[in-house]
Structures are given as structure tokens and as C-alpha cells.
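One file, protein34.cif, carrying mmCIF, C-alpha atoms:
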data_work
loop_
_atom_site.group_PDB
_atom_site.id
_atom_site.type_symbol
_atom_site.label_atom_id
_atom_site.label_comp_id
_atom_site.auth_asym_id
_atom_site.auth_seq_id
_atom_site.Cartn_x
_atom_site.Cartn_y
_atom_site.Cartn_z
ATOM 1 C CA MET H 6 -5.829 2.895 -22.330
ATOM 2 C CA PRO H 7 -9.075 4.224 -20.820
ATOM 3 C CA ALA H 8 -10.726 2.457 -17.912
ATOM 4 C CA ILE H 9 -13.810 0.394 -18.706
ATOM 5 C CA LYS H 10 -16.908 2.362 -17.719
ATOM 6 C CA ASN H 11 -18.367 1.416 -14.317
ATOM 7 C CA SER H 12 -15.529 -1.030 -13.588
ATOM 8 C CA PRO H 13 -12.847 -0.614 -10.886
ATOM 9 C CA LEU H 14 -9.546 0.906 -11.908
ATOM 10 C CA LEU H 15 -7.740 -2.004 -10.233
ATOM 11 C CA GLU H 16 -9.328 -5.350 -9.421
ATOM 12 C CA ILE H 17 -7.468 -8.192 -7.712
ATOM 13 C CA LYS H 18 -9.026 -11.642 -7.412
ATOM 14 C CA ASP H 19 -7.714 -14.865 -5.857
ATOM 15 C CA LEU H 20 -4.132 -13.606 -5.750
ATOM 16 C CA ASP H 21 -1.654 -16.219 -4.515
ATOM 17 C CA ILE H 22 2.091 -15.592 -4.210
ATOM 18 C CA SER H 23 4.441 -18.513 -3.551
ATOM 19 C CA PHE H 24 8.173 -18.916 -3.093
ATOM 20 C CA THR H 25 10.045 -22.031 -4.121
ATOM 21 C CA ARG H 26 12.017 -23.748 -1.352
ATOM 22 C CA ALA H 27 14.347 -26.759 -1.208
ATOM 23 C CA LYS H 28 11.457 -29.016 -0.142
ATOM 24 C CA GLY H 29 8.750 -27.448 -2.276
ATOM 25 C CA GLY H 30 6.884 -24.161 -2.387
ATOM 26 C CA VAL H 31 5.497 -22.019 0.403
ATOM 27 C CA LYS H 32 2.515 -19.719 -0.088
ATOM 28 C CA VAL H 33 3.015 -16.249 1.402
ATOM 29 C CA VAL H 34 -0.084 -14.500 -0.016
ATOM 30 C CA ASP H 35 -3.301 -16.496 -0.133
ATOM 31 C CA SER H 36 -6.497 -15.691 -2.089
ATOM 32 C CA VAL H 37 -6.224 -11.904 -1.713
ATOM 33 C CA ALA H 38 -9.029 -9.958 -3.379
ATOM 34 C CA PHE H 39 -9.976 -6.265 -3.411
ATOM 35 C CA SER H 40 -10.712 -3.482 -5.883
ATOM 36 C CA ILE H 41 -9.933 0.238 -6.102
ATOM 37 C CA PRO H 42 -12.278 2.689 -7.868
ATOM 38 C CA SER H 43 -10.933 5.667 -9.795
ATOM 39 C CA GLY H 44 -9.977 8.666 -7.652
ATOM 40 C CA SER H 45 -10.106 6.711 -4.383
ATOM 41 C CA ILE H 46 -7.622 5.802 -1.636
ATOM 42 C CA PHE H 47 -7.654 2.161 -0.550
ATOM 43 C CA GLY H 48 -5.761 1.356 2.644
ATOM 44 C CA LEU H 49 -4.001 -1.972 3.145
ATOM 45 C CA ALA H 50 -3.084 -2.445 6.813
ATOM 46 C CA GLY H 51 -1.299 -5.043 8.885
ATOM 47 C CA GLU H 52 1.909 -5.872 10.715
ATOM 48 C CA SER H 53 5.232 -6.451 8.973
ATOM 49 C CA GLY H 54 5.225 -9.871 7.363
ATOM 50 C CA SER H 55 1.526 -9.860 6.532
ATOM 51 C CA GLY H 56 2.084 -9.770 2.754
ATOM 52 C CA LYS H 57 1.197 -6.133 2.027
ATOM 53 C CA SER H 58 4.376 -5.228 0.139
ATOM 54 C CA LEU H 59 4.441 -8.471 -1.858
ATOM 55 C CA THR H 60 0.896 -7.720 -2.974
ATOM 56 C CA ALA H 61 2.052 -4.292 -4.175
ATOM 57 C CA LEU H 62 5.116 -5.719 -5.940
ATOM 58 C CA SER H 63 2.923 -8.221 -7.775
ATOM 59 C CA ILE H 64 0.831 -5.338 -9.137
ATOM 60 C CA MET H 65 4.012 -3.676 -10.412
ATOM 61 C CA GLY H 66 5.325 -6.951 -11.828
ATOM 62 C CA ILE H 67 8.557 -6.758 -9.831
ATOM 63 C CA LEU H 68 8.350 -9.701 -7.457
ATOM 64 C CA PRO H 69 11.707 -10.968 -6.153
ATOM 65 C CA ASN H 70 13.437 -13.965 -7.700
ATOM 66 C CA GLY H 71 11.797 -17.254 -6.778
ATOM 67 C CA ALA H 72 8.357 -15.701 -6.266
ATOM 68 C CA ARG H 73 5.412 -16.639 -8.451
ATOM 69 C CA ALA H 74 2.006 -14.953 -8.584
ATOM 70 C CA GLN H 75 -1.232 -16.633 -9.648
ATOM 71 C CA GLY H 76 -4.770 -15.384 -9.856
ATOM 72 C CA SER H 77 -5.920 -12.163 -11.482
ATOM 73 C CA ILE H 78 -4.741 -8.541 -11.375
ATOM 74 C CA ARG H 79 -6.798 -6.439 -13.757
ATOM 75 C CA PHE H 80 -5.935 -2.782 -14.380
ATOM 76 C CA LYS H 81 -8.399 -0.774 -16.494
ATOM 77 C CA GLY H 82 -9.895 -4.115 -17.445
ATOM 78 C CA ARG H 83 -6.561 -5.515 -18.679
ATOM 79 C CA GLU H 84 -5.001 -8.579 -17.093
ATOM 80 C CA LEU H 85 -1.490 -7.817 -15.820
ATOM 81 C CA LEU H 86 -0.403 -11.266 -14.661
ATOM 82 C CA GLY H 87 1.354 -12.996 -17.534
ATOM 83 C CA LEU H 88 1.779 -9.775 -19.513
ATOM 84 C CA PRO H 89 4.994 -9.765 -21.631
ATOM 85 C CA ALA H 90 7.891 -7.923 -19.966
ATOM 86 C CA GLY H 91 7.967 -5.171 -22.595
ATOM 87 C CA GLU H 92 4.272 -4.402 -22.201
ATOM 88 C CA MET H 93 4.596 -4.378 -18.412
ATOM 89 C CA ARG H 94 7.489 -1.909 -18.655
ATOM 90 C CA SER H 95 5.296 0.461 -20.662
ATOM 91 C CA ILE H 96 2.711 0.406 -17.840
ATOM 92 C CA ARG H 97 5.147 0.583 -14.922
ATOM 93 C CA GLY H 98 5.914 4.225 -14.155
ATOM 94 C CA LYS H 99 3.492 5.628 -16.712
ATOM 95 C CA GLU H 100 0.198 3.995 -15.694
ATOM 96 C CA ILE H 101 1.098 2.564 -12.271
ATOM 97 C CA SER H 102 3.807 4.102 -10.074
ATOM 98 C CA MET H 103 5.146 3.254 -6.651
ATOM 99 C CA VAL H 104 6.644 5.177 -3.745
ATOM 100 C CA PHE H 105 8.822 2.898 -1.641
ATOM 101 C CA GLN H 106 9.488 2.843 2.108
ATOM 102 C CA GLU H 107 13.032 4.195 2.264
ATOM 103 C CA PRO H 108 13.930 6.870 -0.307
ATOM 104 C CA MET H 109 17.663 6.751 0.450
ATOM 105 C CA THR H 110 17.842 3.176 -0.814
ATOM 106 C CA SER H 111 15.483 3.866 -3.738
ATOM 107 C CA LEU H 112 17.300 6.924 -5.103
ATOM 108 C CA ASN H 113 20.658 6.494 -6.854
ATOM 109 C CA PRO H 114 23.196 8.207 -4.555
ATOM 110 C CA VAL H 115 25.578 9.137 -7.404
ATOM 111 C CA LEU H 116 23.003 10.817 -9.652
ATOM 112 C CA LYS H 117 21.499 14.259 -9.175
ATOM 113 C CA ILE H 118 17.823 14.255 -8.278
ATOM 114 C CA GLY H 119 16.982 16.268 -11.389
ATOM 115 C CA TYR H 120 18.450 13.549 -13.588
ATOM 116 C CA GLN H 121 16.457 10.893 -11.778
ATOM 117 C CA VAL H 122 13.167 12.764 -12.163
ATOM 118 C CA LYS H 123 13.922 13.485 -15.841
ATOM 119 C CA GLU H 124 14.689 9.810 -16.429
ATOM 120 C CA ALA H 125 11.096 8.828 -15.695
ATOM 121 C CA LEU H 126 9.786 11.482 -18.090
ATOM 122 C CA LEU H 127 12.161 10.617 -20.941
ATOM 123 C CA ALA H 128 11.418 6.904 -20.588
ATOM 124 C CA HIS H 129 7.694 7.323 -21.224
ATOM 125 C CA LEU H 130 7.024 10.654 -22.932
ATOM 126 C CA PRO H 131 8.109 11.972 -26.371
ATOM 127 C CA ILE H 132 9.761 15.145 -25.046
ATOM 128 C CA SER H 133 13.188 16.767 -25.315
ATOM 129 C CA LYS H 134 15.762 16.864 -22.516
ATOM 130 C CA LYS H 135 15.081 20.582 -21.995
ATOM 131 C CA GLU H 136 11.336 19.976 -21.732
ATOM 132 C CA ALA H 137 12.032 17.139 -19.308
ATOM 133 C CA ARG H 138 14.182 19.426 -17.157
ATOM 134 C CA ASP H 139 11.504 22.117 -17.101
ATOM 135 C CA ARG H 140 8.889 19.547 -16.116
ATOM 136 C CA ALA H 141 11.191 18.142 -13.440
ATOM 137 C CA VAL H 142 11.420 21.609 -11.879
ATOM 138 C CA GLN H 143 7.618 21.922 -11.989
ATOM 139 C CA LEU H 144 7.237 18.497 -10.389
ATOM 140 C CA LEU H 145 9.614 19.372 -7.552
ATOM 141 C CA ARG H 146 7.661 22.564 -7.017
ATOM 142 C CA SER H 147 4.367 20.632 -6.985
ATOM 143 C CA VAL H 148 5.645 18.453 -4.124
ATOM 144 C CA MET H 149 6.661 21.639 -2.268
ATOM 145 C CA ILE H 150 10.431 21.392 -2.494
ATOM 146 C CA PRO H 151 11.765 24.947 -2.002
ATOM 147 C CA SER H 152 13.954 26.525 -4.701
ATOM 148 C CA PRO H 153 13.479 23.627 -7.142
ATOM 149 C CA GLU H 154 15.644 25.319 -9.793
ATOM 150 C CA GLN H 155 18.623 24.936 -7.456
ATOM 151 C CA ARG H 156 17.610 21.681 -5.745
ATOM 152 C CA ILE H 157 17.416 19.901 -9.084
ATOM 153 C CA ASN H 158 21.221 19.836 -9.052
ATOM 154 C CA ASP H 159 21.491 18.302 -5.572
ATOM 155 C CA TYR H 160 22.420 14.713 -4.795
ATOM 156 C CA PRO H 161 20.154 12.629 -2.524
ATOM 157 C CA HIS H 162 22.502 12.898 0.471
ATOM 158 C CA GLN H 163 22.138 16.697 0.379
ATOM 159 C CA LEU H 164 18.412 16.444 1.154
ATOM 160 C CA SER H 165 16.579 15.627 4.360
ATOM 161 C CA GLY H 166 14.558 12.423 4.652
ATOM 162 C CA GLY H 167 11.302 14.268 4.078
ATOM 163 C CA MET H 168 12.627 16.028 0.992
ATOM 164 C CA ARG H 169 13.976 12.763 -0.428
ATOM 165 C CA GLN H 170 10.534 11.238 -0.056
ATOM 166 C CA ARG H 171 9.057 14.252 -1.860
ATOM 167 C CA VAL H 172 11.495 13.603 -4.709
ATOM 168 C CA MET H 173 10.282 9.986 -4.840
ATOM 169 C CA ILE H 174 6.694 11.229 -5.045
ATOM 170 C CA ALA H 175 7.656 13.664 -7.829
ATOM 171 C CA MET H 176 9.188 10.769 -9.784
ATOM 172 C CA ALA H 177 6.127 8.617 -9.194
ATOM 173 C CA ILE H 178 3.623 11.221 -10.429
ATOM 174 C CA ALA H 179 5.797 12.468 -13.303
ATOM 175 C CA CYS H 180 3.677 10.816 -16.010
ATOM 176 C CA ASN H 181 0.311 11.412 -14.288
ATOM 177 C CA PRO H 182 -0.334 7.729 -13.508
ATOM 178 C CA PRO H 183 -3.939 6.766 -12.746
ATOM 179 C CA LEU H 184 -2.711 4.562 -9.879
ATOM 180 C CA LEU H 185 -0.105 5.386 -7.229
ATOM 181 C CA ILE H 186 1.078 2.707 -4.801
ATOM 182 C CA ALA H 187 2.473 4.194 -1.589
ATOM 183 C CA ASP H 188 4.220 1.410 0.331
ATOM 184 C CA GLU H 189 4.814 2.604 3.913
ATOM 185 C CA PRO H 190 5.856 6.011 2.502
ATOM 186 C CA THR H 191 6.494 7.555 5.938
ATOM 187 C CA THR H 192 8.273 4.722 7.773
ATOM 188 C CA ALA H 193 11.603 6.518 8.139
ATOM 189 C CA LEU H 194 10.158 9.970 8.889
ATOM 190 C CA ASP H 195 9.252 11.742 12.101
ATOM 191 C CA VAL H 196 5.606 12.313 12.995
ATOM 192 C CA THR H 197 5.391 15.907 11.721
ATOM 193 C CA ILE H 198 6.908 15.088 8.329
ATOM 194 C CA GLU H 199 4.788 11.929 8.143
ATOM 195 C CA ALA H 200 1.609 13.996 8.343
ATOM 196 C CA GLN H 201 2.900 16.388 5.664
ATOM 197 C CA ILE H 202 3.754 13.566 3.249
ATOM 198 C CA LEU H 203 0.356 11.894 3.660
ATOM 199 C CA GLU H 204 -1.430 15.224 3.184
ATOM 200 C CA LEU H 205 0.676 15.822 0.072
ATOM 201 C CA ILE H 206 -0.284 12.442 -1.397
ATOM 202 C CA ASP H 207 -3.961 13.126 -0.678
ATOM 203 C CA THR H 208 -3.765 16.591 -2.240
ATOM 204 C CA LEU H 209 -2.056 15.270 -5.375
ATOM 205 C CA ARG H 210 -4.666 12.512 -5.623
ATOM 206 C CA ALA H 211 -7.459 15.083 -5.643
ATOM 207 C CA GLU H 212 -5.675 17.405 -8.085
ATOM 208 C CA ARG H 213 -4.763 14.633 -10.536
ATOM 209 C CA ASP H 214 -7.773 12.352 -10.021
ATOM 210 C CA MET H 215 -5.449 9.488 -9.083
ATOM 211 C CA SER H 216 -6.269 6.357 -7.186
ATOM 212 C CA VAL H 217 -3.932 5.431 -4.337
ATOM 213 C CA LEU H 218 -3.120 2.109 -2.715
ATOM 214 C CA LEU H 219 -1.847 3.200 0.717
ATOM 215 C CA ILE H 220 0.069 0.425 2.469
ATOM 216 C CA THR H 221 0.742 0.999 6.161
ATOM 217 C CA HIS H 222 0.648 -0.509 9.633
ATOM 218 C CA ASP H 223 -0.863 2.772 10.898
ATOM 219 C CA LEU H 224 -4.658 2.581 11.081
ATOM 220 C CA GLY H 225 -4.686 6.208 12.206
ATOM 221 C CA ALA H 226 -3.232 7.273 8.832
ATOM 222 C CA ILE H 227 -5.804 5.138 7.031
ATOM 223 C CA ALA H 228 -8.619 6.700 9.082
ATOM 224 C CA ARG H 229 -7.533 10.184 7.983
ATOM 225 C CA HIS H 230 -7.011 9.483 4.288
ATOM 226 C CA ALA H 231 -8.537 6.236 2.978
ATOM 227 C CA ARG H 232 -12.099 5.439 1.938
ATOM 228 C CA THR H 233 -11.888 1.649 2.242
ATOM 229 C CA VAL H 234 -9.486 -0.574 4.175
ATOM 230 C CA GLY H 235 -8.362 -4.169 3.865
ATOM 231 C CA VAL H 236 -6.709 -5.662 6.944
ATOM 232 C CA MET H 237 -4.110 -8.342 6.141
ATOM 233 C CA TYR H 238 -2.732 -11.049 8.398
ATOM 234 C CA ALA H 239 -0.418 -13.933 7.432
ATOM 235 C CA GLY H 240 -0.951 -13.288 3.726
ATOM 236 C CA ARG H 241 -4.750 -13.117 3.919
ATOM 237 C CA ILE H 242 -7.362 -10.396 3.949
ATOM 238 C CA VAL H 243 -9.080 -10.917 7.314
ATOM 239 C CA GLU H 244 -11.395 -7.906 7.207
ATOM 240 C CA LEU H 245 -12.456 -5.489 4.484
ATOM 241 C CA ALA H 246 -14.859 -2.580 4.917
ATOM 242 C CA PRO H 247 -15.405 1.162 4.511
ATOM 243 C CA VAL H 248 -13.108 3.006 6.918
ATOM 244 C CA GLU H 249 -15.991 4.364 9.004
ATOM 245 C CA GLU H 250 -17.318 0.852 9.625
ATOM 246 C CA ILE H 251 -13.922 -0.532 10.606
ATOM 247 C CA PHE H 252 -13.581 2.113 13.311
ATOM 248 C CA ALA H 253 -17.200 1.998 14.425
ATOM 249 C CA GLY H 254 -17.535 -1.778 14.584
ATOM 250 C CA PRO H 255 -14.548 -3.995 13.681
ATOM 251 C CA ARG H 256 -15.519 -7.619 13.108
ATOM 252 C CA HIS H 257 -12.213 -9.463 13.352
ATOM 253 C CA PRO H 258 -10.073 -9.952 16.503
ATOM 254 C CA TYR H 259 -6.937 -8.892 14.636
ATOM 255 C CA THR H 260 -8.503 -5.594 13.572
ATOM 256 C CA ILE H 261 -9.631 -5.032 17.164
ATOM 257 C CA GLY H 262 -6.071 -5.722 18.326
ATOM 258 C CA LEU H 263 -4.662 -3.162 15.893
ATOM 259 C CA LEU H 264 -7.208 -0.556 17.015
ATOM 260 C CA GLU H 265 -6.457 -1.171 20.693
ATOM 261 C CA SER H 266 -2.797 -0.456 19.948
ATOM 262 C CA ILE H 267 -3.643 3.113 18.863
ATOM 263 C CA PRO H 268 -3.422 5.839 21.548
ATOM 264 C CA PHE H 269 -6.835 7.453 20.960
ATOM 265 C CA LYS H 270 -7.229 10.947 22.406
ATOM 266 C CA ASN H 271 -10.340 10.087 24.395
ATOM 267 C CA LYS H 272 -8.517 7.200 26.065
ATOM 268 C CA LYS H 273 -5.706 9.363 27.411
ATOM 269 C CA GLY H 274 -3.990 7.644 30.296
ATOM 270 C CA SER H 275 -5.403 4.230 29.418
ATOM 271 C CA PRO H 276 -2.783 1.532 28.799
ATOM 272 C CA LEU H 277 -2.404 0.229 25.260
ATOM 273 C CA LYS H 278 -3.189 -3.442 24.639
ATOM 274 C CA PRO H 279 -0.527 -4.934 22.393
ATOM 275 C CA ILE H 280 -1.365 -8.075 20.429
ATOM 276 C CA PRO H 281 0.482 -10.978 22.076
ATOM 277 C CA GLY H 282 3.086 -12.862 20.058
ATOM 278 C CA SER H 283 4.106 -12.114 16.481
ATOM 279 C CA VAL H 284 3.143 -13.028 12.932
ATOM 280 C CA PRO H 285 4.264 -16.642 12.362
ATOM 281 C CA PRO H 286 6.337 -17.548 9.277
ATOM 282 C CA PRO H 287 4.376 -18.880 6.273
ATOM 283 C CA TRP H 288 5.715 -22.392 6.877
ATOM 284 C CA GLY H 289 4.691 -22.371 10.559
ATOM 285 C CA LEU H 290 1.065 -21.211 10.504
ATOM 286 C CA PRO H 291 -1.367 -22.719 13.029
ATOM 287 C CA PRO H 292 -4.172 -25.019 11.835
ATOM 288 C CA GLY H 293 -7.575 -23.527 11.143
ATOM 289 C CA CYS H 294 -7.732 -19.763 11.615
ATOM 290 C CA LYS H 295 -4.229 -18.385 11.132
ATOM 291 C CA PHE H 296 -4.743 -15.834 13.925
ATOM 292 C CA SER H 297 -5.984 -18.411 16.450
ATOM 293 C CA ASP H 298 -2.682 -18.716 18.355
ATOM 294 C CA ARG H 299 -2.787 -14.980 19.216
ATOM 295 C CA CYS H 300 -6.543 -14.495 19.541
ATOM 296 C CA SER H 301 -8.408 -13.770 22.786
ATOM 297 C CA PHE H 302 -11.716 -14.822 21.123
ATOM 298 C CA MET H 303 -10.438 -18.280 20.153
ATOM 299 C CA ILE H 304 -12.629 -21.336 20.720
ATOM 300 C CA PRO H 305 -11.800 -24.972 19.763
ATOM 301 C CA ALA H 306 -13.762 -24.676 16.497
ATOM 302 C CA CYS H 307 -11.338 -21.969 15.325
ATOM 303 C CA GLN H 308 -8.586 -24.582 14.998
ATOM 304 C CA GLN H 309 -10.640 -27.001 12.915
ATOM 305 C CA ALA H 310 -10.852 -25.143 9.586
ATOM 306 C CA GLU H 311 -9.830 -21.776 8.199
ATOM 307 C CA PRO H 312 -12.865 -19.454 7.970
ATOM 308 C CA GLU H 313 -13.994 -18.074 4.629
ATOM 309 C CA LEU H 314 -14.188 -14.319 4.073
ATOM 310 C CA GLU H 315 -17.885 -13.764 4.816
ATOM 311 C CA GLU H 316 -19.935 -10.661 3.985
ATOM 312 C CA LEU H 317 -21.617 -9.471 7.189
ATOM 313 C CA ALA H 318 -23.174 -6.352 5.682
ATOM 314 C CA SER H 319 -22.938 -4.580 2.358
ATOM 315 C CA GLY H 320 -19.217 -4.091 1.697
ATOM 316 C CA HIS H 321 -18.117 -5.388 5.119
ATOM 317 C CA LEU H 322 -16.354 -8.764 5.085
ATOM 318 C CA SER H 323 -14.645 -10.703 7.873
ATOM 319 C CA ARG H 324 -12.736 -13.988 8.112
ATOM 320 C CA CYS H 325 -13.912 -15.066 11.588
ATOM 321 C CA ILE H 326 -16.536 -17.578 12.764
ATOM 322 C CA ARG H 327 -17.367 -15.302 15.730
ATOM 323 C CA ALA H 328 -17.557 -12.070 13.717
ATOM 324 C CA ARG H 329 -21.260 -11.469 14.382
ATOM 325 C CA GLU H 330 -20.731 -11.685 18.148
ATOM 326 C CA MET H 331 -18.084 -8.987 18.408
ATOM 327 C CA LYS H 332 -18.712 -5.661 20.079
ATOM 328 C CA TRP H 333 -16.048 -3.001 20.378
ATOM 329 C CA SER H 334 -16.070 0.719 21.089
ATOM 330 C CA LEU H 335 -13.533 3.463 21.736
#
How does this structure look as C-alpha cells?
Amino acid sequence: MPAIKNSPLLEIKDLDISFTRAKGGVKVVDSVAFSIPSGSIFGLAGESGSGKSLTALSIMGILPNGARAQGSIRFKGRELLGLPAGEMRSIRGKEISMVFQEPMTSLNPVLKIGYQVKEALLAHLPISKKEARDRAVQLLRSVMIPSPEQRINDYPHQLSGGMRQRVMIAMAIACNPPLLIADEPTTALDVTIEAQILELIDTLRAERDMSVLLITHDLGAIARHARTVGVMYAGRIVELAPVEEIFAGPRHPYTIGLLESIPFKNKKGSPLKPIPGSVPPPWGLPPGCKFSDRCSFMIPACQQAEPELEELASGHLSRCIRAREMKWSL
């Protein structure tokens, strides 16, 4: 299924995700919209509980029980929401793949890693078991696992955390998907391995002309690898812009708070400024702007109505009534 010429590979519009509760439904993702061109990395940033992972799961069509998605998710011009289960299964893994946060809980502990990589190939490609094994070895080599001919017979517990994540990446790219979703792929890894995994994903993207949706709370990782970033808070996109513009001139207090939590090299010795409080639950959001109860820029008008996502400059959008007043620098 080729992409439509001059259209984004993935385009999300007005995405709402709700959970049913005893006294009605609660919306946890609200009017999310963004697009990803072919061959590009789009970063989705925000604290835990902001709705990043649910957005990714809705793209894959694997939302948890009780969750319902509405709106539009178009992939190569094809609407995914409402697609029959069989058709979605043919896309999942072959056209769109996902690398999850914790590989030890994503890999089957009683199956050898070679079997698990082969499984993805045999499910989508008309190849023999021997061909699948040979390709599995090549895939493990491509993600820089040493001695893949021997490692293919290992169980997940015999590998380090970094190597397990490399196996997950090998499984995800097995069928050369046009879109890879990396959901906090380095959460459980130390800083050195984290950098290696992100570099690996970027290298594979360039080699295979993939697009990547990189989900993380780490704006530093997004600065190094992404082209465009959407900042999420309480289920909403609050700022969206090219990466360079986000770092040069953020236009939402939440984005500024995230940036001031990063230990920049040229601010060595300066204290970090954590954002006060925490993300409220979806059923306990403040009136008006959902960030108003944690915001140092808040004025009474912020609590009257929730701001729309306004375009301040070409490709730079912010959900803040004071966005044009903000000045920030490293």
C-alpha cells in the first residue's frame, strides 16, 4: 500500500480517547492532532500520565479494554480507526511496528529470542522457516548483537537490558515497516546504553527510510534525534513546533518547565527548576487551561476557558493565551 504522493505518512486529527467508568466516561486524550512525513522522526514529549502511550496504542489498534478512540488516524491515506480486526492485524507488525518501554515484560521469557524474531517474519512474509532463521540472524546482526548465530538460541533472561531492547528493535523492523513507534525505548537502561539505542534507531531510520514516532519525557533525546516535537499535557497537545524553535523560543509554560528541568552544559552549577505539583487525573482537571494550577504565568483569565491551539508562526502552535509574551533563553 504506497503512500499518497505529497501526503503525510501518518496523520492524526481530533483524536479523543475515553474510558468508561461507573458514573460515565472520562476523556484521557483530547483533540490530539499531528502528522509525520516519510523518513522523519517526530518526538512526543511530556510527563507520565500525559497520554503519550495511549496515543501510540490507538495507532496500533491495541487500546486496553474499556478504552474507545474517536477521530481520525490515517496511515498512507487509509483510515485506521474502525478498520476490521483482520485488516488491522495485517498492518500491525508489517506496516507499523512498536518498541515498548520494558523489553523483559514484552519478550516471552520461555521462548528463545530467535523464535520470537522468526515469529514476526513468518506471520507476515511468505518465507520458509529456514529463510526466517537466516533473516533473524541478519536482523540481530543489524542491531549490533554480537555472535548472532549463537545468541539466537538464548532466552531473554540470558541477555542484558540493552541487548533485550535490541532484540525488540530487531523484531519491530523485521518486515521493514514504514513507521516505527518507539515508546520510551530507553526507560530501563543506563545513560550510556540509552544513547546507543537512540543512535541505533536513528541509523536504522536512515538506512531503511522509516518514519519514527519517538515517545519520551526526555527533551534532550528529542533535541538530538527528532525533527518536530509535540508537547503533551493532560491528554492535550500544548505546543507543537520544529525542534529548533522549541529550544530557541518555547511558547508554552509547560514546555518552558520541561526545558528548565534539563541540566544544560552551559548552566553548570545552576539549580534545576522542577515543575511544581504533578499531572492531575483526567477526572480532576482544573477549569480553563489544564496547566493553570501548576503555571507561574497564570492570570485569572486562564481559568475561564481552555485555550485553543493557536498558530503563532508557520508550524509553531501553542495552547496558551500568553504565548506571544513569553521569552526564554538558555
Given only C-alpha atoms as the counted atoms, nearest of H:Arg324, H:Arg171, H:Lys135, H:Lys278 to Tyr238 of chain H
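With only C-alpha atoms as the atom set, the closest residue is H:Arg324.
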Taking the file as shown, what set of residues would the PyMOL selection byres ((chain H and resi 148) around 8) give back, as a list in words?
Leu144, Leu145, Arg146, Ser147, Met149, Ile150, Arg171, Val172, Ile174, Ala175 and Leu205 of chain H
As number ranges by chain, please: the residues near Met215 of chain H (cut-off 12 Å, all atoms listed in the file, same-chain neighbours under 6 positions excluded).
H: 14-15, 41-47, 100-102, 177-178, 180-186, 206-209
Evaluate the PyMOL selection byres ((chain H and resi 158-166) around 7) on the structure here and hand back the selected residues as a VMD selection string.
chain H and resid 112 114 to 119 155 to 157 167 to 170 194
Expected residue set, 8 Å radius at (-7.9, 1.3, 0.9), all atoms listed in the file, as a PDB file with C-alpha atoms, in the frame of the given file:
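Output contents, as saved in out.pdb:
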ATOM      1  CA  ILE H  41      -9.933   0.238  -6.102  1.00  0.00           C
ATOM      2  CA  SER H  45     -10.106   6.711  -4.383  1.00  0.00           C
ATOM      3  CA  ILE H  46      -7.622   5.802  -1.636  1.00  0.00           C
ATOM      4  CA  PHE H  47      -7.654   2.161  -0.550  1.00  0.00           C
ATOM      5  CA  GLY H  48      -5.761   1.356   2.644  1.00  0.00           C
ATOM      6  CA  LEU H  49      -4.001  -1.972   3.145  1.00  0.00           C
ATOM      7  CA  VAL H 217      -3.932   5.431  -4.337  1.00  0.00           C
ATOM      8  CA  LEU H 218      -3.120   2.109  -2.715  1.00  0.00           C
ATOM      9  CA  LEU H 219      -1.847   3.200   0.717  1.00  0.00           C
ATOM     10  CA  ILE H 227      -5.804   5.138   7.031  1.00  0.00           C
ATOM     11  CA  ALA H 231      -8.537   6.236   2.978  1.00  0.00           C
ATOM     12  CA  ARG H 232     -12.099   5.439   1.938  1.00  0.00           C
ATOM     13  CA  THR H 233     -11.888   1.649   2.242  1.00  0.00           C
ATOM     14  CA  VAL H 234      -9.486  -0.574   4.175  1.00  0.00           C
ATOM     15  CA  GLY H 235      -8.362  -4.169   3.865  1.00  0.00           C
TER      16      GLY H 235
END
Minimum-distance residue to Phe252 of chain H, chosen among H:Gly87, H:Gly225, H:Gly76, H:Pro276 (using all atoms listed in the file):
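Going through H:Gly87, H:Gly225, H:Gly76, H:Pro276 one by one, the smallest distance to Phe252 of chain H is for H:Gly225.
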Using Å and a single decimal, report how far atom CA of Val33 of chain H sits from atom CA of Trp288 of chain H.
8.7 Å
Tell me, in Å to one decimal, how far atom CA of Gln106 of chain H is from atom CA of Asp188 of chain H.
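The value is 5.7 Å.
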Go through H:Leu85, H:Pro247, H:His257, H:Glu212 one by one, measure the shortest atom-to-atom distance of each to Lys332 of chain H using all atoms listed in the file, and give the residue with the smallest value.
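Result for the nearest residue to Lys332 of chain H: H:His257.
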For atom CA of Pro291 of chain H and atom CA of Pro258 of chain H, the interatomic separation in Å (one decimal):
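Spanning atom CA of Pro291 of chain H to atom CA of Pro258 of chain H is a straight-line distance of 15.8 Å.
Residues matched by the PyMOL selection byres ((chain H and resi 251) around 10) in this file: Leu224, Ala228, Thr233, Val234, Gly235, Val236, Glu244, Leu245, Ala246, Pro247, Val248, Glu249, Glu250, Phe252, Ala253, Gly254, Pro255, Arg256, His257, Thr260, Ile261, Leu264 and His321 of chain H.
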Would you export the selected residues with C-alpha atoms as a PDB file, in the coordinates of the input, please?
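To be explicit, this is the file written out as result_16.pdb:
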ATOM      1  CA  LEU H 224      -4.658   2.581  11.081  1.00  0.00           C
ATOM      2  CA  ALA H 228      -8.619   6.700   9.082  1.00  0.00           C
ATOM      3  CA  THR H 233     -11.888   1.649   2.242  1.00  0.00           C
ATOM      4  CA  VAL H 234      -9.486  -0.574   4.175  1.00  0.00           C
ATOM      5  CA  GLY H 235      -8.362  -4.169   3.865  1.00  0.00           C
ATOM      6  CA  VAL H 236      -6.709  -5.662   6.944  1.00  0.00           C
ATOM      7  CA  GLU H 244     -11.395  -7.906   7.207  1.00  0.00           C
ATOM      8  CA  LEU H 245     -12.456  -5.489   4.484  1.00  0.00           C
ATOM      9  CA  ALA H 246     -14.859  -2.580   4.917  1.00  0.00           C
ATOM     10  CA  PRO H 247     -15.405   1.162   4.511  1.00  0.00           C
ATOM     11  CA  VAL H 248     -13.108   3.006   6.918  1.00  0.00           C
ATOM     12  CA  GLU H 249     -15.991   4.364   9.004  1.00  0.00           C
ATOM     13  CA  GLU H 250     -17.318   0.852   9.625  1.00  0.00           C
ATOM     14  CA  PHE H 252     -13.581   2.113  13.311  1.00  0.00           C
ATOM     15  CA  ALA H 253     -17.200   1.998  14.425  1.00  0.00           C
ATOM     16  CA  GLY H 254     -17.535  -1.778  14.584  1.00  0.00           C
ATOM     17  CA  PRO H 255     -14.548  -3.995  13.681  1.00  0.00           C
ATOM     18  CA  ARG H 256     -15.519  -7.619  13.108  1.00  0.00           C
ATOM     19  CA  HIS H 257     -12.213  -9.463  13.352  1.00  0.00           C
ATOM     20  CA  THR H 260      -8.503  -5.594  13.572  1.00  0.00           C
ATOM     21  CA  ILE H 261      -9.631  -5.032  17.164  1.00  0.00           C
ATOM     22  CA  LEU H 264      -7.208  -0.556  17.015  1.00  0.00           C
ATOM     23  CA  HIS H 321     -18.117  -5.388   5.119  1.00  0.00           C
TER      24      HIS H 321
END
I want to know what sits within 7 Å of Gln308 of chain H, based on only C-alpha atoms, with residues of the same chain fewer than 2 positions away left out; could you give that as a list in words?
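That gives Pro292, Gly293, Cys294, Ser297, Pro305, Ala306 and Ala310 of chain H.
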